[in-house]
$ cat run31.cif   # mmCIF, C-alpha atoms and all ligand atoms
data_protein
#
loop_
_atom_site.label_atom_id
_atom_site.label_comp_id
_atom_site.auth_asym_id
_atom_site.auth_seq_id
_atom_site.Cartn_x
_atom_site.Cartn_y
_atom_site.Cartn_z
CA MET Y 1 33.37 45.89 172.37
CA LEU Y 2 33.84 45.62 176.11
CA ILE Y 3 31.20 48.15 176.90
CA SER Y 4 28.25 46.56 175.12
CA LYS Y 5 28.92 43.31 176.91
CA GLY Y 6 28.69 45.09 180.23
CA ALA Y 7 32.22 43.96 180.89
CA VAL Y 8 34.17 47.17 181.36
CA PRO Y 9 37.17 46.47 183.57
CA HIS Y 10 37.53 48.43 186.82
CA GLY Y 11 40.94 49.77 185.97
CA MET Y 12 42.09 50.87 182.54
CA LEU Y 13 45.31 52.37 181.31
CA PHE Y 14 45.27 54.34 178.05
CA ILE Y 15 48.80 54.65 176.68
CA GLY Y 16 49.94 56.93 173.87
CA ILE Y 17 51.47 60.33 173.08
CA ASN Y 18 49.61 63.52 174.04
CA GLY Y 19 46.80 64.80 171.90
CA ILE Y 20 45.54 61.62 170.29
CA GLY Y 21 42.23 61.31 172.08
CA LYS Y 22 42.91 59.38 175.29
CA ARG Y 23 40.97 61.83 177.46
CA THR Y 24 38.26 62.25 174.85
CA THR Y 25 37.81 58.49 174.74
CA ALA Y 26 37.58 58.34 178.53
CA LEU Y 27 34.90 61.02 178.41
CA ALA Y 28 32.97 59.16 175.71
CA LEU Y 29 33.20 56.00 177.79
CA ALA Y 30 31.86 57.82 180.85
CA LYS Y 31 28.92 59.02 178.77
CA ALA Y 32 28.28 55.64 177.21
CA LEU Y 33 28.18 54.03 180.64
CA ASN Y 34 25.74 56.59 182.00
CA CYS Y 35 23.64 57.65 179.04
CA THR Y 36 19.98 57.13 179.95
CA HIS Y 37 18.78 56.99 176.35
CA SER Y 38 20.90 54.13 175.21
CA ARG Y 39 20.10 51.86 178.12
CA ASN Y 40 18.73 48.48 177.31
CA GLU Y 41 16.12 47.76 179.95
CA GLU Y 42 16.16 43.98 179.58
CA PRO Y 43 16.20 42.37 183.00
CA GLY Y 44 19.50 40.89 184.04
CA PRO Y 45 22.12 40.99 186.73
CA GLU Y 46 24.04 43.75 184.95
CA VAL Y 47 22.86 46.85 183.24
CA TYR Y 48 23.88 46.68 179.62
CA HIS Y 49 24.54 49.67 177.44
CA THR Y 50 25.14 50.28 173.82
CA ALA Y 51 28.47 51.84 173.01
CA ILE Y 52 27.18 55.10 171.58
CA PRO Y 53 25.96 57.77 174.01
CA CYS Y 54 23.10 60.02 172.85
CA GLY Y 55 24.84 63.26 173.80
CA ILE Y 56 21.55 64.96 174.71
CA CYS Y 57 20.26 63.32 177.90
CA LYS Y 58 20.88 64.91 181.30
CA GLN Y 59 23.75 62.53 182.12
CA CYS Y 60 25.51 63.01 178.78
CA LYS Y 61 25.17 66.80 179.02
CA LYS Y 62 26.48 66.99 182.57
CA ILE Y 63 29.47 64.87 181.69
CA GLU Y 64 30.18 66.90 178.58
CA SER Y 65 30.12 70.19 180.46
CA GLY Y 66 32.28 68.85 183.28
CA VAL Y 67 29.72 69.31 186.05
CA HIS Y 68 28.76 65.70 186.70
CA PRO Y 69 29.37 65.02 190.43
CA ASP Y 70 30.45 61.42 189.82
CA ILE Y 71 32.95 61.97 187.04
CA TYR Y 72 36.34 62.89 188.42
CA PHE Y 73 39.20 64.37 186.44
CA LEU Y 74 42.63 64.55 188.01
CA GLU Y 75 45.63 65.98 186.24
CA PRO Y 76 49.05 67.16 187.36
CA GLN Y 77 49.25 70.49 189.18
CA GLY Y 78 52.67 71.69 188.22
CA GLN Y 79 54.73 68.62 187.58
CA PHE Y 80 53.10 66.17 189.93
CA ILE Y 81 49.93 64.55 191.11
CA LYS Y 82 50.52 64.46 194.84
CA VAL Y 83 49.37 61.89 197.34
CA ASP Y 84 46.97 64.30 199.09
CA ARG Y 85 44.84 64.54 195.99
CA ILE Y 86 44.67 60.76 195.69
CA ARG Y 87 43.67 60.58 199.37
CA ASP Y 88 40.90 63.12 198.77
CA LEU Y 89 39.75 61.07 195.83
CA ILE Y 90 39.70 57.88 197.90
CA ALA Y 91 37.61 59.64 200.56
CA ASN Y 92 35.10 60.63 197.88
CA LEU Y 93 35.00 57.16 196.42
CA ALA Y 94 34.17 55.71 199.82
CA MET Y 95 30.74 57.30 199.47
CA LYS Y 96 28.07 56.08 197.10
CA PRO Y 97 27.84 57.69 193.67
CA PHE Y 98 25.38 60.62 193.68
CA GLU Y 99 23.56 59.86 190.47
CA ALA Y 100 25.79 57.94 188.08
CA GLU Y 101 25.14 54.41 187.08
CA VAL Y 102 28.88 54.02 186.82
CA ARG Y 103 31.23 56.48 188.45
CA VAL Y 104 34.30 57.28 186.34
CA VAL Y 105 37.66 58.56 187.54
CA VAL Y 106 40.09 59.80 184.91
CA ILE Y 107 43.68 60.41 186.01
CA SER Y 108 45.51 62.16 183.20
CA ASP Y 109 49.28 61.79 182.90
CA ALA Y 110 49.22 59.14 185.59
CA MET Y 111 53.00 58.88 185.45
CA ALA Y 112 53.02 62.28 187.23
CA MET Y 113 51.88 60.53 190.42
CA ASN Y 114 54.81 60.07 192.76
CA VAL Y 115 55.39 56.69 194.36
CA GLN Y 116 53.35 57.58 197.45
CA ALA Y 117 50.42 58.67 195.31
CA GLN Y 118 50.65 55.51 193.23
CA ASN Y 119 50.74 53.33 196.31
CA ALA Y 120 47.67 55.07 197.66
CA LEU Y 121 45.86 54.54 194.38
CA LEU Y 122 46.91 50.90 194.32
CA LYS Y 123 44.61 50.14 197.23
CA VAL Y 124 41.62 51.39 195.24
CA LEU Y 125 42.63 49.36 192.21
CA GLU Y 126 42.97 46.27 194.36
CA GLU Y 127 39.57 46.70 195.93
CA PRO Y 128 37.59 48.87 193.56
CA PRO Y 129 34.54 50.56 195.06
CA PRO Y 130 31.26 49.36 193.53
CA ARG Y 131 30.04 50.97 190.29
CA THR Y 132 33.35 52.71 189.76
CA ILE Y 133 35.94 52.53 187.00
CA ILE Y 134 39.31 54.18 187.06
CA ILE Y 135 40.98 55.23 183.84
CA LEU Y 136 44.62 56.24 183.84
CA THR Y 137 46.15 57.94 180.83
CA ALA Y 138 49.89 57.98 180.27
CA THR Y 139 52.41 58.65 177.53
CA ASN Y 140 54.47 55.69 178.71
CA THR Y 141 54.54 53.20 181.55
CA THR Y 142 58.15 53.64 182.65
CA ASP Y 143 57.26 55.77 185.65
CA LEU Y 144 54.30 53.68 186.71
CA LEU Y 145 54.67 50.98 189.33
CA PRO Y 146 54.33 47.57 187.70
CA THR Y 147 51.69 46.79 190.31
CA ILE Y 148 49.60 49.68 188.95
CA SER Y 149 49.90 48.85 185.27
CA SER Y 150 49.32 45.14 185.82
CA ARG Y 151 46.02 45.85 187.57
CA CYS Y 152 44.73 47.82 184.62
CA GLN Y 153 43.51 46.70 181.26
CA GLN Y 154 46.05 48.38 178.96
CA ILE Y 155 44.90 50.00 175.78
CA GLN Y 156 47.43 51.40 173.34
CA PHE Y 157 46.47 54.54 171.41
CA ALA Y 158 48.14 55.00 168.03
CA PRO Y 159 49.12 58.44 166.73
CA LEU Y 160 46.50 60.02 164.47
CA SER Y 161 46.97 59.94 160.72
CA LYS Y 162 48.28 63.02 158.92
CA ASN Y 163 45.20 63.05 156.79
CA PHE Y 164 42.89 63.15 159.82
CA ILE Y 165 44.83 65.98 161.45
CA GLU Y 166 44.93 67.94 158.21
CA LYS Y 167 41.16 67.70 157.76
CA LYS Y 168 40.50 68.59 161.41
CA LEU Y 169 42.69 71.68 161.15
CA CYS Y 170 40.89 72.85 158.01
CA ASN Y 171 37.32 71.97 158.97
CA ASP Y 172 37.22 72.56 162.72
CA TYR Y 173 39.87 75.20 163.21
CA GLY Y 174 39.70 77.13 159.94
CA ILE Y 175 43.41 76.71 159.20
CA ASP Y 176 44.32 77.32 155.58
CA ALA Y 177 44.89 74.16 153.57
CA LYS Y 178 48.54 74.72 152.73
CA ALA Y 179 49.49 75.39 156.33
CA ALA Y 180 47.41 72.42 157.49
CA ILE Y 181 49.37 70.01 155.29
CA ILE Y 182 52.70 71.15 156.70
CA ILE Y 183 51.55 71.22 160.31
CA ALA Y 184 49.97 67.75 160.00
CA GLU Y 185 53.30 66.54 158.68
CA ILE Y 186 55.19 67.83 161.70
CA ALA Y 187 52.70 67.24 164.53
CA GLU Y 188 53.75 63.59 164.92
CA GLY Y 189 50.20 62.33 165.02
CA SER Y 190 49.10 64.61 167.86
CA LEU Y 191 46.05 66.79 167.25
CA ASP Y 192 46.78 68.88 170.37
CA LYS Y 193 50.24 69.63 169.12
CA ALA Y 194 48.92 70.48 165.64
CA VAL Y 195 46.28 72.87 166.98
CA LEU Y 196 48.78 74.57 169.25
CA MET Y 197 51.20 74.96 166.35
CA ALA Y 198 48.48 76.48 164.18
CA LYS Y 199 47.36 78.88 166.91
CA LYS Y 200 50.86 80.07 167.69
CA GLY Y 201 51.62 80.95 164.08
CA TRP Y 202 54.09 78.14 163.87
CA ILE Y 203 54.49 78.30 160.07
CA ASN Y 204 55.82 81.86 160.29
CA PHE Y 205 58.15 80.88 163.08
CA ARG Y 206 59.44 77.94 161.05
CA ASP Y 207 60.06 80.17 158.03
CA LEU Y 208 61.98 82.56 160.24
CA VAL Y 209 64.14 79.78 161.67
CA ILE Y 210 64.85 78.11 158.34
CA SER Y 211 65.78 81.33 156.58
CA GLY Y 212 67.92 82.20 159.59
CA LEU Y 213 69.70 78.87 159.28
CA GLU Y 214 70.22 79.36 155.55
CA ASP Y 215 71.75 82.80 156.11
CA ALA Y 216 73.88 81.53 158.95
CA GLN Y 217 75.34 78.61 157.06
CA GLU Y 218 76.96 80.94 154.57
CA GLY Y 219 77.28 83.94 156.85
CA SER Y 220 79.82 85.48 159.17
CA SER Y 221 80.20 84.56 162.81
CA GLY Y 222 78.37 87.81 163.63
CA ILE Y 223 75.30 86.63 161.69
CA ARG Y 224 75.48 83.27 163.42
CA MET Y 225 75.65 84.78 166.89
CA SER Y 226 72.75 87.10 166.19
CA LEU Y 227 70.71 84.08 165.09
CA ALA Y 228 71.62 82.29 168.32
CA LEU Y 229 70.49 85.35 170.23
CA LYS Y 230 67.20 85.58 168.34
CA LEU Y 231 66.43 81.90 168.88
CA SER Y 232 67.09 82.01 172.58
CA ALA Y 233 64.68 84.83 173.48
CA LYS Y 234 62.77 82.35 175.64
CA ARG Y 235 63.31 78.77 176.64
CA ASP Y 236 60.27 77.73 174.59
CA THR Y 237 61.52 79.61 171.56
CA ALA Y 238 64.80 77.74 171.76
CA VAL Y 239 63.15 74.34 172.13
CA ASN Y 240 60.82 75.02 169.19
CA ALA Y 241 63.71 76.33 167.09
CA LEU Y 242 65.59 73.11 167.81
CA ASP Y 243 62.57 71.11 166.62
CA VAL Y 244 62.49 73.11 163.40
CA THR Y 245 66.23 72.70 162.93
CA ALA Y 246 65.90 68.94 163.40
CA SER Y 247 63.18 68.75 160.75
CA TRP Y 248 65.29 70.89 158.41
CA LEU Y 249 68.37 68.71 158.91
CA ARG Y 250 66.36 65.51 158.47
CA ASP Y 251 64.94 66.92 155.24
CA LEU Y 252 68.43 67.76 153.97
CA MET Y 253 69.29 64.10 154.46
CA VAL Y 254 66.03 62.52 153.27
CA ILE Y 255 65.83 64.67 150.14
CA LYS Y 256 68.97 62.97 148.82
CA TYR Y 257 67.17 59.62 148.65
CA ASP Y 258 63.44 60.14 148.78
CA PRO Y 259 62.35 63.74 148.13
CA GLU Y 260 58.67 62.85 148.50
CA ARG Y 261 59.17 62.07 152.16
CA ILE Y 262 60.49 65.39 153.32
CA THR Y 263 58.57 67.33 155.96
CA ASN Y 264 58.99 70.92 154.85
CA LYS Y 265 57.58 70.30 151.39
CA ASP Y 266 57.13 73.98 150.58
CA TRP Y 267 60.88 74.45 150.98
CA MET Y 268 61.68 71.64 148.55
CA GLU Y 269 63.69 73.59 145.97
CA ARG Y 270 65.92 75.36 148.44
CA LEU Y 271 66.44 72.18 150.43
CA GLU Y 272 67.50 70.38 147.26
CA ARG Y 273 70.06 73.02 146.42
CA LEU Y 274 71.53 73.07 149.89
CA SER Y 275 71.46 69.30 150.26
CA GLU Y 276 73.72 68.88 147.25
CA LYS Y 277 76.37 70.88 149.03
CA ALA Y 278 75.94 69.45 152.51
CA GLU Y 279 77.88 66.39 153.63
CA GLU Y 280 75.95 63.57 155.26
CA LYS Y 281 78.33 63.35 158.15
CA THR Y 282 77.90 67.05 158.88
CA ILE Y 283 74.13 66.72 158.80
CA LEU Y 284 74.28 63.83 161.24
CA ASN Y 285 76.59 65.79 163.54
CA GLY Y 286 74.09 68.62 163.35
CA LEU Y 287 71.26 66.33 164.42
CA GLU Y 288 73.34 65.09 167.30
CA ALA Y 289 73.99 68.68 168.34
CA VAL Y 290 70.23 69.32 168.30
CA TYR Y 291 69.54 66.47 170.70
CA GLU Y 292 72.42 67.39 172.98
CA THR Y 293 71.32 71.01 173.15
CA ARG Y 294 67.74 70.02 173.82
CA LYS Y 295 68.85 67.91 176.74
CA ARG Y 296 70.98 70.73 178.12
CA ILE Y 297 68.15 73.24 177.90
CA GLU Y 298 65.68 70.84 179.45
CA GLY Y 299 68.26 70.30 182.18
CA ASN Y 300 68.04 74.05 182.87
CA ALA Y 301 71.28 75.13 181.22
CA ASN Y 302 71.54 78.80 180.28
CA THR Y 303 69.45 78.98 177.11
CA ARG Y 304 71.43 81.68 175.35
CA LEU Y 305 74.75 80.02 176.03
CA ALA Y 306 73.43 76.63 174.96
CA MET Y 307 72.10 78.06 171.68
CA GLU Y 308 75.38 79.86 170.96
CA VAL Y 309 77.32 76.64 171.44
CA PHE Y 310 74.74 74.89 169.29
CA ILE Y 311 75.03 77.28 166.35
CA LEU Y 312 78.82 77.12 166.56
CA LYS Y 313 78.71 73.33 166.48
CA LEU Y 314 76.19 73.27 163.68
CA PHE Y 315 78.12 75.51 161.33
CA GLY Y 316 81.51 75.57 162.95
CA GLN Y 317 83.62 73.16 160.97
CA GLY Y 318 83.17 73.75 157.26
CA TRP Y 319 79.56 72.83 156.97
CA ILE Y 320 79.48 72.99 153.22
CA LYS Y 321 81.69 71.05 150.80
ZN ZN A 401 22.78 60.26 176.74
#
$ encode --input "run31.cif" --output "structure tokens"
Amino acid sequence: MLISKGAVPHGMLFIGINGIGKRTTALALAKALNCTHSRNEEPGPEVYHTAIPCGICKQCKKIESGVHPDIYFLEPQGQFIKVDRIRDLIANLAMKPFEAEVRVVVISDAMAMNVQAQNALLKVLEEPPPRTIIILTATNTTDLLPTISSRCQQIQFAPLSKNFIEKKLCNDYGIDAKAAIIIAEIAEGSLDKAVLMAKKGWINFRDLVISGLEDAQEGSSGIRMSLALKLSAKRDTAVNALDVTASWLRDLMVIKYDPERITNKDWMERLERLSEKAEEKTILNGLEAVYETRKRIEGNANTRLAMEVFILKLFGQGWIK
């Protein structure tokens, strides 16, 4: 463990999807580096720490409650982290830490920094101020300057296991066990996503979308258009409905070969029945339509129009054998 050797690098880059503990880990690291209970007082050129913070000393508590003057959190405001905020940060870092043994800067979604902001930050990474570590978190490194990522120790964060998410939802968020299993299946390893889904009554929404799709596939064009209308109430609704549709289509395909691996397990019987009638090629075309529509909506196309075209494409040409 880097930390117990007193060898924490000055720049770190945590990479992984949202909601898998990158920020939490950064926070734990900040505590571990500053916890006054876990400090080993042996004389030496470096102060060594154990990796587990106590959670109850003054330093740990201040960090936990977000009031520590030497722990900085930067995240995008709107879409970007602008250069002015990096400049302000640099001005602060030019001063000595107030009370921290090791000052910690966490820049969440670092890829939201524009090129100017990244270039400004680069100077700090090249000549890090004393007793300071900078942690960047990012979902990917494509939008980061290579000079930034190469100056950081990169640590890859894997998605969380379904089992872990399921237990968290039940134990910490009081979600009922059946719902937790399904949400854990769909959250793609992200606890944030899972919790948000649970809070927003996602299971009900999914049921609504899937029964709507079932009705539409055998219904009139009037029924199909009213579904399109319902699913395009808001941009978010449409995007979420597309996610559900993708999982439903994938299940219709997967259930043909490996029923155990479907996502919407509580819909198993109905999926089986429908899957027998649905052609593979049509399912694949449907999936393609989902991705196309998603792109259009994210590119600010008219949501209602995009969803109408989508439903027409999905069921338009003799969906069922
Ligand atoms: Zn402590």
$ closest_residue --input "run31.cif" --among "Y:Arg250, Y:His10, Y:Lys230, Y:Lys58" --to "Ser275 (chain Y)" --atoms "all atoms listed in the file"
Y:Arg250
$ residues_near_ligand --input "run31.cif" --ligand "ligand ZN 401 (chain A)" --cutoff "10 Å" --atoms "all atoms listed in the file" --output "list in words"
Lys31, Ala32, Leu33, Asn34, Cys35, Thr36, His37, Ser38, Arg39, Ile52, Pro53, Cys54, Gly55, Ile56, Cys57, Lys58, Gln59, Cys60, Lys61, Lys62 and Ile63 of chain Y
$ write_last_selection --input "run31.cif" --atoms "C-alpha atoms" --output "PDB file, in the coordinates of the input"
ATOM      1  CA  LYS Y  31      28.920  59.020 178.770  1.00  0.00           C
ATOM      2  CA  ALA Y  32      28.280  55.640 177.210  1.00  0.00           C
ATOM      3  CA  LEU Y  33      28.180  54.030 180.640  1.00  0.00           C
ATOM      4  CA  ASN Y  34      25.740  56.590 182.000  1.00  0.00           C
ATOM      5  CA  CYS Y  35      23.640  57.650 179.040  1.00  0.00           C
ATOM      6  CA  THR Y  36      19.980  57.130 179.950  1.00  0.00           C
ATOM      7  CA  HIS Y  37      18.780  56.990 176.350  1.00  0.00           C
ATOM      8  CA  SER Y  38      20.900  54.130 175.210  1.00  0.00           C
ATOM      9  CA  ARG Y  39      20.100  51.860 178.120  1.00  0.00           C
ATOM     10  CA  ILE Y  52      27.180  55.100 171.580  1.00  0.00           C
ATOM     11  CA  PRO Y  53      25.960  57.770 174.010  1.00  0.00           C
ATOM     12  CA  CYS Y  54      23.100  60.020 172.850  1.00  0.00           C
ATOM     13  CA  GLY Y  55      24.840  63.260 173.800  1.00  0.00           C
ATOM     14  CA  ILE Y  56      21.550  64.960 174.710  1.00  0.00           C
ATOM     15  CA  CYS Y  57      20.260  63.320 177.900  1.00  0.00           C
ATOM     16  CA  LYS Y  58      20.880  64.910 181.300  1.00  0.00           C
ATOM     17  CA  GLN Y  59      23.750  62.530 182.120  1.00  0.00           C
ATOM     18  CA  CYS Y  60      25.510  63.010 178.780  1.00  0.00           C
ATOM     19  CA  LYS Y  61      25.170  66.800 179.020  1.00  0.00           C
ATOM     20  CA  LYS Y  62      26.480  66.990 182.570  1.00  0.00           C
ATOM     21  CA  ILE Y  63      29.470  64.870 181.690  1.00  0.00           C
TER      22      ILE Y  63
END
$ atom_distance --input "run31.cif" --atom1 "CA of Val290 (chain Y)" --atom2 "CA of Leu314 (chain Y)"
8.5 Å
$ atom_distance --input "run31.cif" --atom1 "CA of Glu188 (chain Y)" --atom2 "CA of Ala158 (chain Y)"
10.7 Å
$ closest_residue --input "run31.cif" --among "Y:Lys265, Y:Thr293, Y:Ser108, Y:Thr237" --to "Ala184 (chain Y)" --atoms "only C-alpha atoms"
Y:Lys265
$ atom_distance --input "run31.cif" --atom1 "CA of Lys82 (chain Y)" --atom2 "CA of Phe98 (chain Y)"
25.5 Å
$ residues_around --input "run31.cif" --residues "Ile223 (chain Y)" --least-positions-apart "2" --cutoff "12 Å" --atoms "all atoms listed in the file" --output "compact mmCIF listing (two decimals) with C-alpha atoms, in the frame of the given file"
# COMPACT_ATOMS: atom_id res chain seq x y z
CA GLY Y 212 67.92 82.20 159.59
CA LEU Y 213 69.70 78.87 159.28
CA GLU Y 214 70.22 79.36 155.55
CA ASP Y 215 71.75 82.80 156.11
CA ALA Y 216 73.88 81.53 158.95
CA GLN Y 217 75.34 78.61 157.06
CA GLU Y 218 76.96 80.94 154.57
CA GLY Y 219 77.28 83.94 156.85
CA SER Y 220 79.82 85.48 159.17
CA SER Y 221 80.20 84.56 162.81
CA MET Y 225 75.65 84.78 166.89
CA SER Y 226 72.75 87.10 166.19
CA LEU Y 227 70.71 84.08 165.09
CA ALA Y 228 71.62 82.29 168.32
CA LEU Y 229 70.49 85.35 170.23
CA LYS Y 230 67.20 85.58 168.34
CA GLU Y 308 75.38 79.86 170.96
CA ILE Y 311 75.03 77.28 166.35
CA LEU Y 312 78.82 77.12 166.56
CA PHE Y 315 78.12 75.51 161.33
$ closest_residue --input "run31.cif" --among "Y:Ala177, Y:Ala26, Y:Met268, Y:Leu93" --to "Lys256 (chain Y)" --atoms "all atoms listed in the file"
Y:Met268
$ closest_residue --input "run31.cif" --among "Y:Thr137, Y:Asn163, Y:Thr147, Y:Asn264" --to "Arg206 (chain Y)" --atoms "all atoms listed in the file"
Y:Asn264
$ closest_residue --input "run31.cif" --among "Y:Asp236, Y:Asp192, Y:Asp243, Y:Glu292" --to "Ile210 (chain Y)" --atoms "only C-alpha atoms"
Y:Asp243
$ closest_residue --input "run31.cif" --among "Y:Ile81, Y:Leu89, Y:Ile155, Y:Val244" --to "Ser211 (chain Y)" --atoms "only C-alpha atoms"
Y:Val244
$ residues_around --input "run31.cif" --residues "Lys313 (chain Y)" --least-positions-apart "3" --cutoff "10 Å" --atoms "all atoms listed in the file" --output "VMD selection string"
chain Y and resid 282 285 to 286 288 to 290 307 to 310 316 to 317 319
$ residues_around --input "run31.cif" --residues "Ser247 (chain Y)" --least-positions-apart "4" --cutoff "12 Å" --atoms "only C-alpha atoms" --output "list of chain:residue names"
Y:Ile182, Y:Ile183, Y:Glu185, Y:Ile186, Y:Ala187, Y:Glu188, Y:Arg206, Y:Val209, Y:Ile210, Y:Asn240, Y:Ala241, Y:Leu242, Y:Asp243, Y:Asp251, Y:Leu252, Y:Met253, Y:Val254, Y:Ile255, Y:Arg261, Y:Ile262, Y:Thr263, Y:Asn264, Y:Lys265, Y:Trp267, Y:Leu271, Y:Ile283, Y:Gly286, Y:Leu287, Y:Val290
$ residues_around --input "run31.cif" --residues "region 16-19 of chain Y" --least-positions-apart "4" --cutoff "9 Å" --atoms "all atoms listed in the file" --output "VMD selection string"
chain Y and resid 23 137 to 140 155 to 160 189 to 194
